[in-house]
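What follows is input.pdb (PDB, C-alpha atoms, pLDDT in the B column).
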ATOM      1  CA  MET A 451     -28.405  17.421  -5.330  1.00 94.00           C
ATOM      2  CA  ILE A 452     -31.187  18.096  -7.831  1.00 96.00           C
ATOM      3  CA  ILE A 453     -34.600  18.920  -6.350  1.00 97.00           C
ATOM      4  CA  LEU A 454     -37.820  19.096  -8.340  1.00 98.00           C
ATOM      5  CA  GLY A 455     -40.699  21.145  -6.966  1.00 97.00           C
ATOM      6  CA  ILE A 456     -44.222  20.623  -8.290  1.00 97.00           C
ATOM      7  CA  ASP A 457     -47.283  22.865  -8.050  1.00 95.00           C
ATOM      8  CA  PRO A 458     -50.122  20.512  -9.067  1.00 94.00           C
ATOM      9  CA  GLY A 459     -52.858  21.651 -11.435  1.00 93.00           C
ATOM     10  CA  ILE A 460     -55.094  20.248 -14.161  1.00 94.00           C
ATOM     11  CA  ALA A 461     -54.944  23.236 -16.526  1.00 95.00           C
ATOM     12  CA  THR A 462     -51.418  24.256 -15.536  1.00 96.00           C
ATOM     13  CA  LEU A 463     -48.909  22.166 -13.621  1.00 96.00           C
ATOM     14  CA  GLY A 464     -45.890  24.145 -12.519  1.00 96.00           C
ATOM     15  CA  TYR A 465     -42.431  22.662 -12.076  1.00 97.00           C
ATOM     16  CA  GLY A 466     -39.198  24.093 -10.748  1.00 97.00           C
ATOM     17  CA  VAL A 467     -35.790  22.421 -10.757  1.00 98.00           C
ATOM     18  CA  ILE A 468     -33.026  23.626  -8.464  1.00 97.00           C
ATOM     19  CA  GLU A 469     -29.567  22.369  -7.595  1.00 96.00           C
ATOM     20  CA  LYS A 470     -28.324  22.391  -4.003  1.00 94.00           C
ATOM     21  CA  ASP A 471     -24.587  22.087  -3.461  1.00 91.00           C
ATOM     22  CA  ASP A 472     -22.716  20.633  -0.474  1.00 88.00           C
ATOM     23  CA  ARG A 473     -22.680  24.027   1.250  1.00 87.00           C
ATOM     24  CA  GLY A 474     -26.432  24.378   0.959  1.00 85.00           C
ATOM     25  CA  ASN A 475     -26.357  27.007  -1.784  1.00 90.00           C
ATOM     26  CA  CYS A 476     -29.172  26.743  -4.340  1.00 94.00           C
ATOM     27  CA  ARG A 477     -29.445  27.775  -7.960  1.00 95.00           C
ATOM     28  CA  ALA A 478     -32.248  27.521 -10.475  1.00 96.00           C
ATOM     29  CA  VAL A 479     -31.721  24.905 -13.164  1.00 97.00           C
ATOM     30  CA  ASP A 480     -35.015  25.184 -15.007  1.00 97.00           C
ATOM     31  CA  TYR A 481     -38.669  26.025 -14.444  1.00 97.00           C
ATOM     32  CA  GLY A 482     -41.862  26.096 -16.448  1.00 96.00           C
ATOM     33  CA  VAL A 483     -45.320  24.600 -16.795  1.00 97.00           C
ATOM     34  CA  VAL A 484     -47.143  21.692 -18.379  1.00 97.00           C
ATOM     35  CA  THR A 485     -50.508  22.869 -19.723  1.00 96.00           C
ATOM     36  CA  THR A 486     -53.638  21.122 -20.955  1.00 96.00           C
ATOM     37  CA  PRO A 487     -56.551  22.624 -22.963  1.00 96.00           C
ATOM     38  CA  LYS A 488     -59.810  22.844 -21.030  1.00 93.00           C
ATOM     39  CA  GLU A 489     -61.870  21.617 -23.987  1.00 95.00           C
ATOM     40  CA  LYS A 490     -60.171  18.208 -23.889  1.00 95.00           C
ATOM     41  CA  PRO A 491     -61.686  15.299 -21.895  1.00 95.00           C
ATOM     42  CA  LEU A 492     -60.200  14.720 -18.452  1.00 95.00           C
ATOM     43  CA  PRO A 493     -58.501  11.397 -19.346  1.00 95.00           C
ATOM     44  CA  GLU A 494     -56.730  13.036 -22.281  1.00 97.00           C
ATOM     45  CA  ARG A 495     -55.606  15.965 -20.152  1.00 97.00           C
ATOM     46  CA  LEU A 496     -54.213  13.590 -17.547  1.00 97.00           C
ATOM     47  CA  LYS A 497     -52.344  11.757 -20.272  1.00 97.00           C
ATOM     48  CA  MET A 498     -50.822  15.050 -21.445  1.00 97.00           C
ATOM     49  CA  LEU A 499     -49.714  15.876 -17.906  1.00 97.00           C
ATOM     50  CA  GLU A 500     -48.162  12.439 -17.525  1.00 97.00           C
ATOM     51  CA  SER A 501     -46.231  12.819 -20.747  1.00 97.00           C
ATOM     52  CA  GLY A 502     -45.006  16.337 -20.000  1.00 97.00           C
ATOM     53  CA  LEU A 503     -43.928  15.662 -16.436  1.00 97.00           C
ATOM     54  CA  SER A 504     -42.273  12.384 -17.397  1.00 97.00           C
ATOM     55  CA  GLU A 505     -40.109  14.321 -19.846  1.00 97.00           C
ATOM     56  CA  VAL A 506     -39.075  16.750 -17.093  1.00 97.00           C
ATOM     57  CA  VAL A 507     -38.155  13.880 -14.760  1.00 97.00           C
ATOM     58  CA  ARG A 508     -36.190  12.073 -17.471  1.00 97.00           C
ATOM     59  CA  LYS A 509     -34.309  15.221 -18.417  1.00 97.00           C
ATOM     60  CA  PHE A 510     -33.241  16.379 -14.949  1.00 97.00           C
ATOM     61  CA  GLN A 511     -33.173  13.109 -12.948  1.00 97.00           C
ATOM     62  CA  PRO A 512     -34.092  14.731  -9.604  1.00 97.00           C
ATOM     63  CA  ASP A 513     -32.757  13.233  -6.388  1.00 95.00           C
ATOM     64  CA  GLU A 514     -35.736  14.510  -4.388  1.00 95.00           C
ATOM     65  CA  ILE A 515     -39.197  15.678  -5.425  1.00 96.00           C
ATOM     66  CA  ALA A 516     -41.534  17.875  -3.402  1.00 95.00           C
ATOM     67  CA  PHE A 517     -45.223  18.683  -3.922  1.00 95.00           C
ATOM     68  CA  GLU A 518     -47.484  21.402  -2.632  1.00 92.00           C
ATOM     69  CA  GLU A 519     -50.441  19.886  -0.825  1.00 87.00           C
ATOM     70  CA  LEU A 520     -53.957  20.671  -2.034  1.00 78.00           C
ATOM     71  CA  PHE A 521     -56.658  22.365   0.008  1.00 67.00           C
ATOM     72  CA  PHE A 522     -60.087  23.228  -1.385  1.00 58.00           C
ATOM     73  CA  THR A 523     -62.912  24.677   0.656  1.00 56.00           C
ATOM     74  CA  LYS A 524     -65.256  26.026  -2.028  1.00 64.00           C
ATOM     75  CA  ASN A 525     -65.094  24.589  -5.538  1.00 64.00           C
ATOM     76  CA  ILE A 526     -65.051  20.866  -4.863  1.00 71.00           C
ATOM     77  CA  THR A 527     -65.524  19.981  -8.549  1.00 70.00           C
ATOM     78  CA  THR A 528     -62.336  21.797  -9.506  1.00 73.00           C
ATOM     79  CA  GLY A 529     -60.606  20.278  -6.512  1.00 81.00           C
ATOM     80  CA  ILE A 530     -61.407  16.761  -7.673  1.00 88.00           C
ATOM     81  CA  ALA A 531     -59.947  17.420 -11.136  1.00 88.00           C
ATOM     82  CA  VAL A 532     -56.775  18.893  -9.622  1.00 90.00           C
ATOM     83  CA  ALA A 533     -56.543  15.919  -7.275  1.00 91.00           C
ATOM     84  CA  HIS A 534     -56.607  13.636 -10.320  1.00 94.00           C
ATOM     85  CA  ALA A 535     -53.717  15.659 -11.799  1.00 94.00           C
ATOM     86  CA  ARG A 536     -51.793  15.477  -8.545  1.00 94.00           C
ATOM     87  CA  GLY A 537     -52.239  11.726  -8.445  1.00 94.00           C
ATOM     88  CA  VAL A 538     -50.863  11.371 -11.956  1.00 96.00           C
ATOM     89  CA  ALA A 539     -47.905  13.605 -11.070  1.00 96.00           C
ATOM     90  CA  MET A 540     -47.173  11.624  -7.924  1.00 95.00           C
ATOM     91  CA  LEU A 541     -47.309   8.351  -9.834  1.00 96.00           C
ATOM     92  CA  VAL A 542     -44.834   9.654 -12.423  1.00 97.00           C
ATOM     93  CA  CYS A 543     -42.467  10.748  -9.659  1.00 96.00           C
ATOM     94  CA  ALA A 544     -42.910   7.583  -7.572  1.00 95.00           C
ATOM     95  CA  LYS A 545     -41.682   5.561 -10.536  1.00 95.00           C
ATOM     96  CA  HIS A 546     -38.482   7.606 -10.488  1.00 95.00           C
ATOM     97  CA  THR A 547     -37.652   7.887  -6.771  1.00 92.00           C
ATOM     98  CA  GLU A 548     -38.970   7.056  -3.317  1.00 91.00           C
ATOM     99  CA  LYS A 549     -37.792  10.420  -1.995  1.00 91.00           C
ATOM    100  CA  LEU A 550     -41.116  12.235  -2.290  1.00 93.00           C
ATOM    101  CA  PHE A 551     -42.121  15.050   0.054  1.00 91.00           C
ATOM    102  CA  GLU A 552     -45.071  17.394   0.431  1.00 90.00           C
ATOM    103  CA  TYR A 553     -45.712  20.673   2.201  1.00 90.00           C
ATOM    104  CA  THR A 554     -48.757  22.753   2.954  1.00 88.00           C
ATOM    105  CA  PRO A 555     -48.914  26.270   1.474  1.00 89.00           C
ATOM    106  CA  MET A 556     -48.405  27.737   4.954  1.00 88.00           C
ATOM    107  CA  GLN A 557     -45.344  25.596   5.582  1.00 88.00           C
ATOM    108  CA  ILE A 558     -43.812  26.764   2.312  1.00 90.00           C
ATOM    109  CA  LYS A 559     -44.480  30.402   3.166  1.00 89.00           C
ATOM    110  CA  GLN A 560     -43.060  29.908   6.642  1.00 86.00           C
ATOM    111  CA  ALA A 561     -39.923  28.314   5.226  1.00 85.00           C
ATOM    112  CA  LEU A 562     -39.192  31.057   2.722  1.00 88.00           C
ATOM    113  CA  THR A 563     -40.351  34.219   4.492  1.00 85.00           C
ATOM    114  CA  GLY A 564     -40.621  33.320   8.172  1.00 81.00           C
ATOM    115  CA  TYR A 565     -44.353  34.082   8.019  1.00 80.00           C
ATOM    116  CA  GLY A 566     -46.982  31.478   7.195  1.00 78.00           C
ATOM    117  CA  ARG A 567     -49.417  33.967   5.671  1.00 83.00           C
ATOM    118  CA  ALA A 568     -47.083  35.852   3.354  1.00 85.00           C
ATOM    119  CA  GLU A 569     -48.559  37.469   0.237  1.00 89.00           C
ATOM    120  CA  LYS A 570     -48.007  35.820  -3.161  1.00 88.00           C
ATOM    121  CA  LYS A 571     -46.057  38.863  -4.393  1.00 90.00           C
ATOM    122  CA  GLN A 572     -43.716  38.636  -1.430  1.00 91.00           C
ATOM    123  CA  MET A 573     -43.200  34.931  -2.018  1.00 92.00           C
ATOM    124  CA  GLN A 574     -42.317  35.501  -5.661  1.00 92.00           C
ATOM    125  CA  GLU A 575     -39.813  38.207  -4.753  1.00 93.00           C
ATOM    126  CA  VAL A 576     -38.187  35.920  -2.193  1.00 93.00           C
ATOM    127  CA  VAL A 577     -37.879  33.109  -4.740  1.00 95.00           C
ATOM    128  CA  ALA A 578     -36.216  35.454  -7.229  1.00 94.00           C
ATOM    129  CA  SER A 579     -33.913  36.793  -4.508  1.00 93.00           C
ATOM    130  CA  LEU A 580     -32.857  33.406  -3.147  1.00 92.00           C
ATOM    131  CA  LEU A 581     -32.116  32.005  -6.602  1.00 95.00           C
ATOM    132  CA  ARG A 582     -30.415  35.182  -7.855  1.00 93.00           C
ATOM    133  CA  LEU A 583     -32.849  35.529 -10.732  1.00 95.00           C
ATOM    134  CA  LYS A 584     -32.996  38.803 -12.621  1.00 93.00           C
ATOM    135  CA  SER A 585     -36.777  38.863 -12.478  1.00 93.00           C
ATOM    136  CA  ILE A 586     -39.698  37.074 -10.847  1.00 93.00           C
ATOM    137  CA  PRO A 587     -40.219  33.648 -12.489  1.00 94.00           C
ATOM    138  CA  LYS A 588     -43.215  33.431 -14.791  1.00 94.00           C
ATOM    139  CA  PRO A 589     -45.843  32.117 -14.921  1.00 94.00           C
ATOM    140  CA  ASP A 590     -46.973  32.108 -11.288  1.00 95.00           C
ATOM    141  CA  ASP A 591     -47.274  28.313 -11.260  1.00 95.00           C
ATOM    142  CA  ALA A 592     -43.574  27.982 -12.069  1.00 96.00           C
ATOM    143  CA  ALA A 593     -42.649  30.443  -9.312  1.00 96.00           C
ATOM    144  CA  ASP A 594     -44.786  28.446  -6.871  1.00 95.00           C
ATOM    145  CA  ALA A 595     -43.023  25.240  -7.909  1.00 96.00           C
ATOM    146  CA  LEU A 596     -39.605  26.820  -7.312  1.00 97.00           C
ATOM    147  CA  ALA A 597     -40.826  27.851  -3.849  1.00 96.00           C
ATOM    148  CA  VAL A 598     -41.751  24.221  -3.143  1.00 95.00           C
ATOM    149  CA  ALA A 599     -38.294  23.087  -4.245  1.00 96.00           C
ATOM    150  CA  LEU A 600     -36.599  25.704  -2.043  1.00 95.00           C
ATOM    151  CA  CYS A 601     -38.744  24.654   0.908  1.00 92.00           C
ATOM    152  CA  GLN A 602     -37.497  21.098   0.453  1.00 92.00           C
ATOM    153  CA  ALA A 603     -33.894  22.294   0.197  1.00 92.00           C
ATOM    154  CA  PHE A 604     -34.160  24.252   3.451  1.00 87.00           C
ATOM    155  CA  THR A 605     -36.023  21.644   5.499  1.00 83.00           C
ATOM    156  CA  SER A 606     -34.432  18.439   4.218  1.00 67.00           C
ATOM    157  CA  ARG A 607     -32.473  18.123   7.479  1.00 57.00           C
ATOM    158  CA  PHE A 608     -35.704  16.959   9.103  1.00 55.00           C
ATOM    159  CA  GLY A 609     -35.609  13.804   7.036  1.00 53.00           C
ATOM    160  CA  GLY A 610     -38.851  11.887   6.742  1.00 53.00           C
ATOM    161  CA  LEU A 611     -41.052  14.336   8.652  1.00 54.00           C
ATOM    162  CA  PHE A 612     -42.479  15.723   5.416  1.00 57.00           C
ATOM    163  CA  SER A 613     -42.183  12.593   3.318  1.00 55.00           C
ATOM    164  CA  VAL A 614     -45.235  11.384   1.435  1.00 58.00           C
ATOM    165  CA  GLY A 615     -46.920   8.735   3.554  1.00 54.00           C
ATOM    166  CA  ASN A 616     -46.062  10.314   6.902  1.00 55.00           C
ATOM    167  CA  MET A 617     -49.565  11.055   8.160  1.00 48.00           C
ATOM    168  CA  THR A 618     -48.332  13.107  11.141  1.00 47.00           C
ATOM    169  CA  ARG A 619     -46.811  15.882   9.040  1.00 50.00           C
ATOM    170  CA  THR A 620     -49.989  18.021   9.013  1.00 48.00           C
ATOM    171  CA  GLN A 621     -51.176  17.487  12.574  1.00 48.00           C
ATOM    172  CA  GLY A 622     -52.482  20.587  14.292  1.00 44.00           C
ATOM    173  CA  ASN A 623     -53.607  23.565  12.242  1.00 38.00           C
ATOM    174  CA  ASN A 624     -51.920  22.548   9.023  1.00 39.00           C
ATOM    175  CA  THR A 625     -49.104  24.988   9.675  1.00 40.00           C
ATOM    176  CA  VAL A 626     -45.534  24.798  10.885  1.00 41.00           C
ATOM    177  CA  SER A 627     -46.645  25.730  14.401  1.00 42.00           C
ATOM    178  CA  GLY A 628     -48.763  23.143  16.127  1.00 40.00           C
ATOM    179  CA  SER A 629     -47.079  20.256  14.316  1.00 45.00           C
ATOM    180  CA  ARG A 630     -44.085  18.035  14.959  1.00 48.00           C
ATOM    181  CA  PHE A 631     -42.007  20.776  13.333  1.00 49.00           C
ATOM    182  CA  GLU A 632     -42.458  22.659  16.609  1.00 50.00           C
ATOM    183  CA  GLU A 633     -41.145  19.685  18.576  1.00 56.00           C
ATOM    184  CA  LEU A 634     -38.002  19.686  16.462  1.00 54.00           C
ATOM    185  CA  LEU A 635     -37.504  23.382  17.118  1.00 49.00           C
ATOM    186  CA  ARG A 636     -37.840  22.766  20.858  1.00 57.00           C
ATOM    187  CA  ALA A 637     -35.174  20.095  20.529  1.00 60.00           C
ATOM    188  CA  GLU A 638     -32.934  22.675  18.875  1.00 54.00           C
ATOM    189  CA  ASN A 639     -33.520  24.958  21.885  1.00 55.00           C
ATOM    190  CA  ALA A 640     -32.270  22.247  24.196  1.00 63.00           C
ATOM    191  CA  LYS A 641     -29.102  21.935  22.152  1.00 62.00           C
ATOM    192  CA  ASN A 642     -28.592  25.697  22.163  1.00 53.00           C
ATOM    193  CA  LYS A 643     -29.050  26.295  25.906  1.00 58.00           C
ATOM    194  CA  LYS A 644     -25.350  26.870  26.424  1.00 52.00           C
ATOM    195  CA  SER A 645     -25.339  29.703  23.924  1.00 51.00           C
ATOM    196  CA  LYS A 646     -28.732  30.974  25.197  1.00 50.00           C
ATOM    197  CA  GLN A 647     -30.280  30.800  21.741  1.00 44.00           C
ATOM    198  CA  SER A 648     -34.036  30.399  21.499  1.00 41.00           C
ATOM    199  CA  VAL A 649     -35.925  28.946  18.537  1.00 38.00           C
ATOM    200  CA  THR A 650     -39.651  29.497  17.935  1.00 37.00           C
ATOM    201  CA  GLY A 651     -41.973  28.665  15.088  1.00 37.00           C
ATOM    202  CA  ALA A 652     -42.749  32.362  14.585  1.00 34.00           C
ATOM    203  CA  SER A 653     -39.199  33.729  14.615  1.00 40.00           C
ATOM    204  CA  GLN A 654     -37.576  34.153  11.237  1.00 44.00           C
ATOM    205  CA  GLU A 655     -34.111  34.652  12.746  1.00 46.00           C
ATOM    206  CA  ALA A 656     -34.470  31.558  14.885  1.00 42.00           C
ATOM    207  CA  LEU A 657     -35.708  29.469  11.990  1.00 41.00           C
ATOM    208  CA  THR A 658     -32.683  30.527   9.991  1.00 43.00           C
ATOM    209  CA  ARG A 659     -30.352  29.447  12.795  1.00 42.00           C
ATOM    210  CA  ALA A 660     -32.117  26.170  13.440  1.00 38.00           C
ATOM    211  CA  THR A 661     -32.941  25.007   9.953  1.00 38.00           C
ATOM    212  CA  GLY A 662     -31.057  27.152   7.470  1.00 40.00           C
ATOM    213  CA  ILE A 663     -34.374  28.568   6.285  1.00 38.00           C
ATOM    214  CA  ALA A 664     -33.900  31.922   4.608  1.00 38.00           C
ATOM    215  CA  GLY A 665     -36.159  34.879   5.121  1.00 36.00           C
ATOM    216  CA  ILE A 666     -37.079  37.918   3.080  1.00 32.00           C
ATOM    217  CA  THR A 667     -33.485  39.175   3.044  1.00 30.00           C
ATOM    218  CA  GLY A 668     -32.370  36.149   1.065  1.00 33.00           C
ATOM    219  CA  VAL A 669     -29.681  35.295   3.615  1.00 31.00           C
ATOM    220  CA  GLY A 670     -29.586  31.611   4.489  1.00 32.00           C
ATOM    221  CA  ARG A 671     -28.667  28.289   3.016  1.00 32.00           C
ATOM    222  CA  ALA A 672     -29.826  29.358  -0.387  1.00 33.00           C
ATOM    223  CA  SER A 673     -26.792  31.610  -0.693  1.00 33.00           C
ATOM    224  CA  SER A 674     -23.531  32.225   1.106  1.00 31.00           C
ATOM    225  CA  LYS A 675     -23.770  35.967   0.408  1.00 36.00           C
ATOM    226  CA  PRO A 676     -26.458  38.503   1.281  1.00 36.00           C
ATOM    227  CA  CYS A 677     -28.553  39.828  -1.582  1.00 38.00           C
ATOM    228  CA  PRO A 678     -27.507  43.187  -3.025  1.00 43.00           C
ATOM    229  CA  PRO A 679     -29.850  46.090  -2.198  1.00 42.00           C
ATOM    230  CA  LYS A 680     -32.578  46.840  -4.714  1.00 40.00           C
ATOM    231  CA  LYS A 681     -31.916  49.780  -6.977  1.00 42.00           C
TER     232      LYS A 681
END

Could you render the structure from this file as structure tokens?
Amino acid sequence: MIILGIDPGIATLGYGVIEKDDRGNCRAVDYGVVTTPKEKPLPERLKMLESGLSEVVRKFQPDEIAFEELFFTKNITTGIAVAHARGVAMLVCAKHTEKLFEYTPMQIKQALTGYGRAEKKQMQEVVASLLRLKSIPKPDDAADALAVALCQAFTSRFGGLFSVGNMTRTQGNNTVSGSRFEELLRAENAKNKKSKQSVTGASQEALTRATGIAGITGVGRASSKPCPPKK
């Protein structure tokens, strides 16, 4: 399965393409950015984003596409421009497949590190570790897009919960805890009563057992082998 992750932006739109095999192992296929010059008018910049992302979609033919959701609390003007870019990106992808998903930043951090408020540096190191990359992906927008793709790979077992159009996916505090994700984890607990396993939204080990989500060690569905120690 080919998964495309997208980190929306008007100046820089990051994309990350990964391949997930039948065993759940993931590898990086390609990653990069689509950029637009700030001196250009907004319509022209949107056209450039459409063209660049369309080329990525045509080249890799993703089976599933995941977006990072947008949240702006200060600079509303910038937020509106980025929202325009996200809309263009979603339209491009909707023309290719109906399998569109989106995750909040905290959900992505929770999925990859087991902690919804992980630092950016930690996230980048986890992405490099899970995908067996020799170095942290650059630029940051591309690394963020790979994180989105990995989040989709690890949580795809929950089906349509995070699909675009499902308005219940961000109920609560816009995090994994307090949403329907928590209900699914409780359901996993019921299944695991015989083995006395407990799953919680805050437990990295439990998340790995319940969903295949990998933590900072890089052990999980992204790889069948633990990461070698850093030298």

Running the PyMOL selection byres ((chain A and resi 546) around 12) on this model by hand, what would come out? Give it as a PDB file with C-alpha atoms, in the coordinates of the input.
ATOM      1  CA  LEU A 454     -37.820  19.096  -8.340  1.00 98.00           C
ATOM      2  CA  LEU A 503     -43.928  15.662 -16.436  1.00 97.00           C
ATOM      3  CA  SER A 504     -42.273  12.384 -17.397  1.00 97.00           C
ATOM      4  CA  GLU A 505     -40.109  14.321 -19.846  1.00 97.00           C
ATOM      5  CA  VAL A 506     -39.075  16.750 -17.093  1.00 97.00           C
ATOM      6  CA  VAL A 507     -38.155  13.880 -14.760  1.00 97.00           C
ATOM      7  CA  ARG A 508     -36.190  12.073 -17.471  1.00 97.00           C
ATOM      8  CA  LYS A 509     -34.309  15.221 -18.417  1.00 97.00           C
ATOM      9  CA  PHE A 510     -33.241  16.379 -14.949  1.00 97.00           C
ATOM     10  CA  GLN A 511     -33.173  13.109 -12.948  1.00 97.00           C
ATOM     11  CA  PRO A 512     -34.092  14.731  -9.604  1.00 97.00           C
ATOM     12  CA  ASP A 513     -32.757  13.233  -6.388  1.00 95.00           C
ATOM     13  CA  GLU A 514     -35.736  14.510  -4.388  1.00 95.00           C
ATOM     14  CA  ILE A 515     -39.197  15.678  -5.425  1.00 96.00           C
ATOM     15  CA  ALA A 539     -47.905  13.605 -11.070  1.00 96.00           C
ATOM     16  CA  MET A 540     -47.173  11.624  -7.924  1.00 95.00           C
ATOM     17  CA  LEU A 541     -47.309   8.351  -9.834  1.00 96.00           C
ATOM     18  CA  VAL A 542     -44.834   9.654 -12.423  1.00 97.00           C
ATOM     19  CA  CYS A 543     -42.467  10.748  -9.659  1.00 96.00           C
ATOM     20  CA  ALA A 544     -42.910   7.583  -7.572  1.00 95.00           C
ATOM     21  CA  LYS A 545     -41.682   5.561 -10.536  1.00 95.00           C
ATOM     22  CA  THR A 547     -37.652   7.887  -6.771  1.00 92.00           C
ATOM     23  CA  GLU A 548     -38.970   7.056  -3.317  1.00 91.00           C
ATOM     24  CA  LYS A 549     -37.792  10.420  -1.995  1.00 91.00           C
ATOM     25  CA  LEU A 550     -41.116  12.235  -2.290  1.00 93.00           C
TER      26      LEU A 550
END

Selection dump of the PyMOL selection byres ((chain A and resi 517-519) around 8), as a PyMOL selection string: chain A and resi 455-458+515-516+520-521+550-555+595+598

Option closest in space to Gly482 (chain A), from A:Ala531, A:Gly502, A:Gly566, A:Arg495 [counting all atoms listed in the file]: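 Of A:Ala531, A:Gly502, A:Gly566, A:Arg495, the one nearest Gly482 (chain A) is A:Gly502, counting all atoms listed in the file.
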
Point-to-point distance from CA of Met498 (chain A) to CA of Gly466 (chain A), Å rounded to tenths: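 Answer for the CA of Met498 (chain A) to CA of Gly466 (chain A) separation: 18.2 Å.
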
Length of the CA of Lys559 (chain A) to CA of Met573 (chain A) vector [Å]: 7.0 Å

Leu596 (chain A) surroundings by only C-alpha atoms, 12 Å radius, close-in-sequence under 5 positions cut, as a ChimeraX atom specification: /A:453-457,464-469,476-483,515-518,558,562,573-581,583,586-591,601-603

Length of the CA of Arg473 (chain A) to CA of Lys584 (chain A) vector [Å]: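 According to the coordinates, CA of Arg473 (chain A) and CA of Lys584 (chain A) are separated by 22.7 Å.
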
Mind working out the centre and edge lengths of an axis-aligned box for region 469-480 of chain A, all listed atoms inside, 3 Å added to each side, rounded to one decimal in Å and written as lines of an AutoDock Vina configuration file?
center_x = -28.8
center_y = 24.2
center_z = -6.9
size_x = 18.3
size_y = 13.1
size_z = 22.3

Nearest residue to Met451 (chain A) from the set A:Lys470, A:Thr485, A:Leu463, A:Leu600 (distances using all atoms listed in the file): A:Lys470

Gly459 (chain A) environment, 7 Å, all atoms listed in the file, sequence neighbours closer than 6 positions dropped, as a ChimeraX atom specification: /A:532,535-536

Contacts of Pro493 (chain A) within 12 Å, only C-alpha atoms, excl. fewer than 3 positions in-chain, as a ChimeraX atom specification: /A:460,486-490,496-500,531,534-535,538

Nearest residue to Thr605 (chain A) from the set A:Gln560, A:Thr528, A:Gln572, A:Ser501 (distances using all atoms listed in the file):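 Distance minimum relative to Thr605 (chain A) lands on A:Gln560.
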
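Closest to Ile452 (chain A) among A:Lys571, A:Asn475, A:Gln557, A:Arg582 is A:Asn475, based on all atoms listed in the file.
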